[in-house]
file model19.txt (compact mmCIF, C-alpha atoms (C1' of nucleotides))
# COMPACT_ATOMS: atom_id res chain seq x y z
CA MET Z 1 5.11 2.10 -19.72
CA ALA Z 2 3.11 0.64 -16.86
CA TYR Z 3 0.23 1.81 -14.68
CA TRP Z 4 0.07 1.61 -10.89
CA LEU Z 5 -2.12 2.50 -7.97
CA PHE Z 6 -0.43 4.28 -5.06
CA LYS Z 7 -2.32 4.15 -1.78
CA SER Z 8 -1.90 6.78 0.89
CA GLU Z 9 -3.73 8.03 3.94
CA PRO Z 10 -4.40 11.69 3.16
CA ASP Z 11 -3.97 12.58 6.84
CA THR Z 12 -0.36 11.51 6.37
CA PHE Z 13 0.26 12.37 2.74
CA SER Z 14 -2.42 13.52 0.32
CA LEU Z 15 -2.51 14.39 -3.35
CA ASP Z 16 -2.69 18.04 -2.23
CA ASP Z 17 0.55 17.53 -0.34
CA LEU Z 18 2.19 16.07 -3.44
CA GLN Z 19 0.93 19.00 -5.51
CA LYS Z 20 2.48 21.47 -3.08
CA LEU Z 21 5.80 19.65 -3.13
CA GLY Z 22 5.74 19.01 -6.87
CA HIS Z 23 7.43 15.69 -6.36
CA SER Z 24 8.38 13.43 -3.47
CA PRO Z 25 10.09 10.14 -2.71
CA TRP Z 26 7.50 7.41 -2.09
CA ASP Z 27 9.23 6.17 1.03
CA GLY Z 28 8.17 3.93 3.87
CA VAL Z 29 6.97 0.91 1.90
CA ARG Z 30 7.65 -2.06 4.18
CA ASN Z 31 5.91 -4.88 2.40
CA TYR Z 32 7.82 -7.18 0.09
CA GLN Z 33 5.21 -7.51 -2.60
CA ALA Z 34 4.73 -3.76 -2.78
CA ARG Z 35 8.49 -3.33 -2.76
CA ASN Z 36 8.84 -5.69 -5.69
CA TYR Z 37 6.34 -3.62 -7.62
CA LEU Z 38 8.36 -0.50 -6.77
CA ARG Z 39 11.50 -2.19 -8.06
CA SER Z 40 9.84 -2.93 -11.39
CA MET Z 41 8.85 0.70 -11.98
CA LYS Z 42 10.37 2.89 -14.64
CA PRO Z 43 10.45 6.65 -15.15
CA GLY Z 44 7.36 7.61 -17.14
CA ASP Z 45 5.10 5.04 -15.50
CA GLN Z 46 1.81 6.57 -14.41
CA GLY Z 47 -0.14 6.14 -11.23
CA PHE Z 48 -3.48 6.64 -9.58
CA PHE Z 49 -3.27 8.44 -6.24
CA TYR Z 50 -5.64 6.59 -3.92
CA HIS Z 51 -6.83 7.96 -0.59
CA SER Z 52 -7.39 5.30 2.06
CA ARG Z 53 -8.91 5.51 5.53
CA VAL Z 54 -11.17 8.38 4.63
CA ASP Z 55 -14.85 8.51 3.87
CA PRO Z 56 -15.22 7.70 1.11
CA PRO Z 57 -11.97 6.05 0.06
CA GLY Z 58 -11.08 6.39 -3.62
CA ILE Z 59 -8.87 7.80 -6.33
CA ALA Z 60 -8.15 11.51 -6.08
CA GLY Z 61 -6.02 11.97 -9.18
CA LEU Z 62 -2.85 11.11 -11.00
CA CYS Z 63 0.86 11.01 -10.36
CA LYS Z 64 3.88 9.96 -12.35
CA VAL Z 65 7.06 7.99 -11.67
CA ILE Z 66 10.09 10.21 -12.34
CA SER Z 67 13.03 8.15 -11.11
CA GLN Z 68 14.52 4.72 -11.23
CA PRO Z 69 13.94 2.68 -8.07
CA TYR Z 70 16.62 3.15 -5.43
CA ALA Z 71 17.24 2.21 -1.80
CA ASP Z 72 14.90 3.86 0.70
CA PRO Z 73 17.16 5.94 2.96
CA THR Z 74 14.58 6.09 5.77
CA ALA Z 75 15.22 2.40 6.48
CA LEU Z 76 18.72 3.27 7.72
CA ASP Z 77 17.71 6.35 9.70
CA PRO Z 78 17.15 5.53 13.41
CA LYS Z 79 15.14 8.74 13.76
CA SER Z 80 12.72 7.85 10.99
CA LYS Z 81 9.44 6.16 11.79
CA TYR Z 82 10.26 3.87 8.89
CA PHE Z 83 13.59 2.81 10.40
CA ASP Z 84 14.26 -0.89 9.87
CA GLU Z 85 16.91 -2.34 12.17
CA LYS Z 86 17.45 -5.25 9.81
CA SER Z 87 18.47 -3.00 6.95
CA THR Z 88 22.18 -2.27 6.55
CA PRO Z 89 24.12 -0.31 3.93
CA ASP Z 90 25.22 -3.64 2.48
CA ASN Z 91 21.77 -5.14 2.61
CA GLN Z 92 19.16 -2.58 1.69
CA ARG Z 93 15.85 -4.33 2.01
CA TRP Z 94 13.60 -1.50 0.88
CA SER Z 95 13.25 0.63 -2.22
CA LEU Z 96 11.39 3.68 -3.43
CA VAL Z 97 10.79 5.76 -6.51
CA GLU Z 98 10.39 9.49 -6.86
CA VAL Z 99 6.82 10.45 -7.74
CA ALA Z 100 5.61 13.71 -9.28
CA TYR Z 101 2.22 15.37 -9.09
CA ALA Z 102 0.19 15.13 -12.29
CA GLU Z 103 -3.45 16.13 -11.81
CA HIS Z 104 -6.50 16.21 -9.58
CA PHE Z 105 -9.52 14.45 -11.00
CA ALA Z 106 -12.51 16.68 -11.63
CA HIS Z 107 -14.51 13.88 -9.99
CA PHE Z 108 -13.13 11.84 -7.10
CA VAL Z 109 -13.60 8.18 -8.07
CA THR Z 110 -14.82 6.26 -5.05
CA LEU Z 111 -13.99 2.69 -4.12
CA GLU Z 112 -17.72 2.04 -4.37
CA GLN Z 113 -17.68 3.19 -8.00
CA LEU Z 114 -14.77 0.89 -8.78
CA ARG Z 115 -16.53 -2.04 -7.13
CA THR Z 116 -19.83 -1.53 -8.90
CA HIS Z 117 -18.46 -0.75 -12.35
CA PRO Z 118 -19.06 -3.74 -14.66
CA ASN Z 119 -15.51 -3.69 -16.03
CA LEU Z 120 -13.50 -2.82 -12.95
CA GLY Z 121 -14.43 -5.68 -10.64
CA LYS Z 122 -11.00 -7.23 -11.13
CA MET Z 123 -9.05 -4.23 -9.91
CA LEU Z 124 -6.85 -5.43 -7.07
CA VAL Z 125 -7.70 -2.49 -4.85
CA THR Z 126 -11.36 -3.56 -4.79
CA ARG Z 127 -10.55 -6.99 -3.42
CA LYS Z 128 -11.66 -7.64 0.11
CA GLY Z 129 -8.82 -7.63 2.58
CA ASN Z 130 -6.42 -6.09 0.11
CA ARG Z 131 -3.71 -4.32 2.07
CA LEU Z 132 -1.11 -3.71 -0.61
CA SER Z 133 -0.10 -0.07 -0.76
CA ILE Z 134 0.94 -0.44 -4.39
CA THR Z 135 -0.86 -2.48 -7.02
CA PRO Z 136 -0.52 -2.78 -10.79
CA VAL Z 137 -3.35 -1.44 -12.96
CA GLU Z 138 -4.34 -2.85 -16.35
CA PRO Z 139 -4.41 -0.43 -19.29
CA ASP Z 140 -8.14 -0.91 -19.85
CA GLU Z 141 -8.79 -0.28 -16.17
CA TRP Z 142 -6.63 2.82 -16.38
CA ASN Z 143 -8.64 4.18 -19.27
CA ILE Z 144 -12.00 3.55 -17.65
CA VAL Z 145 -11.02 5.20 -14.37
CA LEU Z 146 -9.51 8.11 -16.27
CA GLN Z 147 -12.86 8.75 -17.96
CA LEU Z 148 -14.71 8.50 -14.65
CA GLY Z 149 -12.29 10.89 -12.99
CA ARG Z 150 -12.13 13.47 -15.73
CA GLY Z 151 -15.85 13.28 -16.28
CA LYS Z 152 -17.74 14.04 -19.40
C1' DG B 1 -12.97 3.24 17.14
C1' DC B 2 -13.85 -1.58 15.84
C1' DC B 3 -12.30 -5.61 14.02
C1' DA B 4 -11.54 -8.85 9.96
C1' DA B 5 -7.94 -9.79 7.01
C1' DC B 6 -3.44 -10.30 6.30
C1' DG B 7 1.86 -10.30 6.83
C1' DT B 8 5.66 -11.13 9.86
C1' DT B 9 8.03 -13.07 13.69
C1' DG B 10 10.04 -16.45 16.45
C1' DG B 11 9.82 -20.63 19.46
C1' DC B 12 9.90 -25.20 18.81
C1' DG H 1 9.14 -25.68 8.33
C1' DC H 2 4.97 -25.18 11.17
C1' DC H 3 1.93 -22.20 13.25
C1' DA H 4 0.42 -19.30 17.31
C1' DA H 5 0.99 -14.80 18.61
C1' DC H 6 1.38 -10.38 17.40
C1' DG H 7 1.24 -5.96 14.72
C1' DT H 8 -0.73 -3.39 10.95
C1' DT H 9 -4.00 -2.04 7.46
C1' DG H 10 -8.14 -0.04 5.99
C1' DG H 11 -13.26 -0.32 5.18
C1' DC H 12 -16.95 0.45 7.78
call {"tool": "encode", "arguments": {"input": "model19.txt", "output": "structure tokens"}}
result
Amino acid sequence: MAYWLFKSEPDTFSLDDLQKLGHSPWDGVRNYQARNYLRSMKPGDQGFFYHSRVDPPGIAGLCKVISQPYADPTALDPKSKYFDEKSTPDNQRWSLVEVAYAEHFAHFVTLEQLRTHPNLGKMLVTRKGNRLSITPVEPDEWNIVLQLGRGK
DNA sequence: GCCAACGTTGGC
DNA sequence: GCCAACGTTGGC
């Protein structure tokens, strides 16, 4: 089982939104590196739900992968904002997984906290200029952030 | 809203 | 295959 960080702008799709829906396809990823991470996911993998472009940015809670990766149908839908004219039924460039709500952290873990924590400096999301919407998380990083988020 | 950082595109 | 131009992301 692997750990991931899923980034989303809460104005578009927040952890609250995922909670209301229960689960949702994580569609619209249009970056090859992020797509490759999606394609390596397995049901049961766990994820941080990160809120970007808000003040402060940070991790709001947890979600869980509940499907195998499959082709992102929005790439073939001309009406979707994620439509990709270079995708065809025979050549599906983009993938997604279904993600389920897991929990809200008692304490929102800010990007600042991640950056200043002595053992989290290597987290990819803290790197300057990082624009990947999905990044892998190391098990020790996962455990530290979990403690910060759940508080004690 | 600004703009640095980064990924993609396309002419050559 | 290079790289300038362009579009997007996301912290601030």
call {"tool": "atom_distance", "arguments": {"input": "model19.txt", "atom1": "CA of His23 (chain Z)", "atom2": "CA of Tyr3 (chain Z)"}}
result
17.7 Å
call {"tool": "residues_around", "arguments": {"input": "model19.txt", "residues": "DC12 (chain H)", "least_positions_apart": "6", "cutoff": "12 Å", "atoms": "all atoms listed in the file", "output": "list in words"}}
result
Arg53, Val54, Asp55, Pro56 and Pro57 of chain Z; DG1, DC2, DC3 and DA4 of chain B
call {"tool": "write_last_selection", "arguments": {"input": "model19.txt", "atoms": "C-alpha atoms (C1' of nucleotides)", "output": "CSV table (one decimal), in the coordinates of the input"}}
result
chain,number,residue,atom,x,y,z
Z,53,ARG,CA,-8.9,5.5,5.5
Z,54,VAL,CA,-11.2,8.4,4.6
Z,55,ASP,CA,-14.8,8.5,3.9
Z,56,PRO,CA,-15.2,7.7,1.1
Z,57,PRO,CA,-12.0,6.0,0.1
B,1,DG,C1',-13.0,3.2,17.1
B,2,DC,C1',-13.8,-1.6,15.8
B,3,DC,C1',-12.3,-5.6,14.0
B,4,DA,C1',-11.5,-8.8,10.0
call {"tool": "interface_residues", "arguments": {"input": "model19.txt", "of": "chain Z", "to": "chain H", "cutoff": "12 Å", "atoms": "only C-alpha atoms (C1' of nucleotides)", "output": "list in words"}}
result
Lys7, Ser8, Glu9, Arg30, Asn31, His51, Ser52, Arg53, Val54, Asp55, Pro56, Pro57, Gly58, Leu111, Glu112, Val125, Thr126, Arg127, Lys128, Gly129, Asn130, Arg131, Leu132 and Ser133 of chain Z
call {"tool": "write_last_selection", "arguments": {"input": "model19.txt", "atoms": "C-alpha atoms", "output": "short mmCIF file (atom, residue, chain, number, x, y, z; two decimals), in the coordinates of the input"}}
result
data_model
loop_
_atom_site.label_atom_id
_atom_site.label_comp_id
_atom_site.auth_asym_id
_atom_site.auth_seq_id
_atom_site.Cartn_x
_atom_site.Cartn_y
_atom_site.Cartn_z
CA LYS Z 7 -2.32 4.15 -1.78
CA SER Z 8 -1.90 6.78 0.89
CA GLU Z 9 -3.73 8.03 3.94
CA ARG Z 30 7.65 -2.06 4.18
CA ASN Z 31 5.91 -4.88 2.40
CA HIS Z 51 -6.83 7.96 -0.59
CA SER Z 52 -7.39 5.30 2.06
CA ARG Z 53 -8.91 5.51 5.53
CA VAL Z 54 -11.17 8.38 4.63
CA ASP Z 55 -14.85 8.51 3.87
CA PRO Z 56 -15.22 7.70 1.11
CA PRO Z 57 -11.97 6.05 0.06
CA GLY Z 58 -11.08 6.39 -3.62
CA LEU Z 111 -13.99 2.69 -4.12
CA GLU Z 112 -17.72 2.04 -4.37
CA VAL Z 125 -7.70 -2.49 -4.85
CA THR Z 126 -11.36 -3.56 -4.79
CA ARG Z 127 -10.55 -6.99 -3.42
CA LYS Z 128 -11.66 -7.64 0.11
CA GLY Z 129 -8.82 -7.63 2.58
CA ASN Z 130 -6.42 -6.09 0.11
CA ARG Z 131 -3.71 -4.32 2.07
CA LEU Z 132 -1.11 -3.71 -0.61
CA SER Z 133 -0.10 -0.07 -0.76
#
call {"tool": "atom_distance", "arguments": {"input": "model19.txt", "atom1": "CA of Asp77 (chain Z)", "atom2": "CA of Leu62 (chain Z)"}}
result
29.6 Å
call {"tool": "atom_distance", "arguments": {"input": "model19.txt", "atom1": "CA of Val97 (chain Z)", "atom2": "CA of Ile134 (chain Z)"}}
result
11.8 Å
call {"tool": "residues_around", "arguments": {"input": "model19.txt", "residues": "Leu146 (chain Z)", "least_positions_apart": "5", "cutoff": "12 Å", "atoms": "only C-alpha atoms (C1' of nucleotides)", "output": "list in words"}}
result
Tyr3, Gln46, Gly47, Phe48, Phe49, Ile59, Ala60, Gly61, Leu62, Glu103, His104, Phe105, Ala106, His107, Phe108, Val109, Leu114, Val137, Pro139, Asp140, Glu141, Gly151 and Lys152 of chain Z
call {"tool": "residues_around", "arguments": {"input": "model19.txt", "residues": "Lys64 (chain Z)", "least_positions_apart": "3", "cutoff": "7 Å", "atoms": "only C-alpha atoms (C1' of nucleotides)", "output": "list of chain:residue names"}}
result
Z:Gly44, Z:Asp45, Z:Gln46, Z:Gly47, Z:Val99, Z:Ala100, Z:Tyr101, Z:Ala102
call {"tool": "axis_aligned_box", "arguments": {"input": "model19.txt", "around": "chain B", "padding_each_side": "5 Å", "output": "AutoDock Vina command-line options"}}
result
--center_x -1.9 --center_y -11.0 --center_z 12.9 --size_x 33.9 --size_y 38.4 --size_z 23.2
call {"tool": "residues_around", "arguments": {"input": "model19.txt", "residues": "Ser40 (chain Z)", "least_positions_apart": "2", "cutoff": "12 Å", "atoms": "all atoms listed in the file", "output": "number ranges by chain"}}
result
Z: 1-4, 33-38, 42-43, 45, 65, 67-70, 95-97, 134-136
call {"tool": "decode", "arguments": {"input": "model19.txt", "residues": "chain B", "atoms": "C-alpha atoms (C1' of nucleotides)", "output": "compact mmCIF listing (two decimals), in the first residue's frame"}}
result
# COMPACT_ATOMS: atom_id res chain seq x y z
C1' DG B 1 -4.02 39.95 -8.67
C1' DC B 2 0.95 39.34 -9.45
C1' DC B 3 4.47 36.81 -11.22
C1' DA B 4 8.15 33.09 -10.81
C1' DA B 5 8.46 28.49 -11.96
C1' DC B 6 7.47 25.05 -14.84
C1' DG B 7 5.41 22.09 -18.76
C1' DT B 8 4.00 21.98 -23.48
C1' DT B 9 3.89 23.36 -28.19
C1' DG B 10 5.49 24.09 -32.66
C1' DG B 11 8.53 26.40 -36.12
C1' DC B 12 12.77 25.69 -37.82
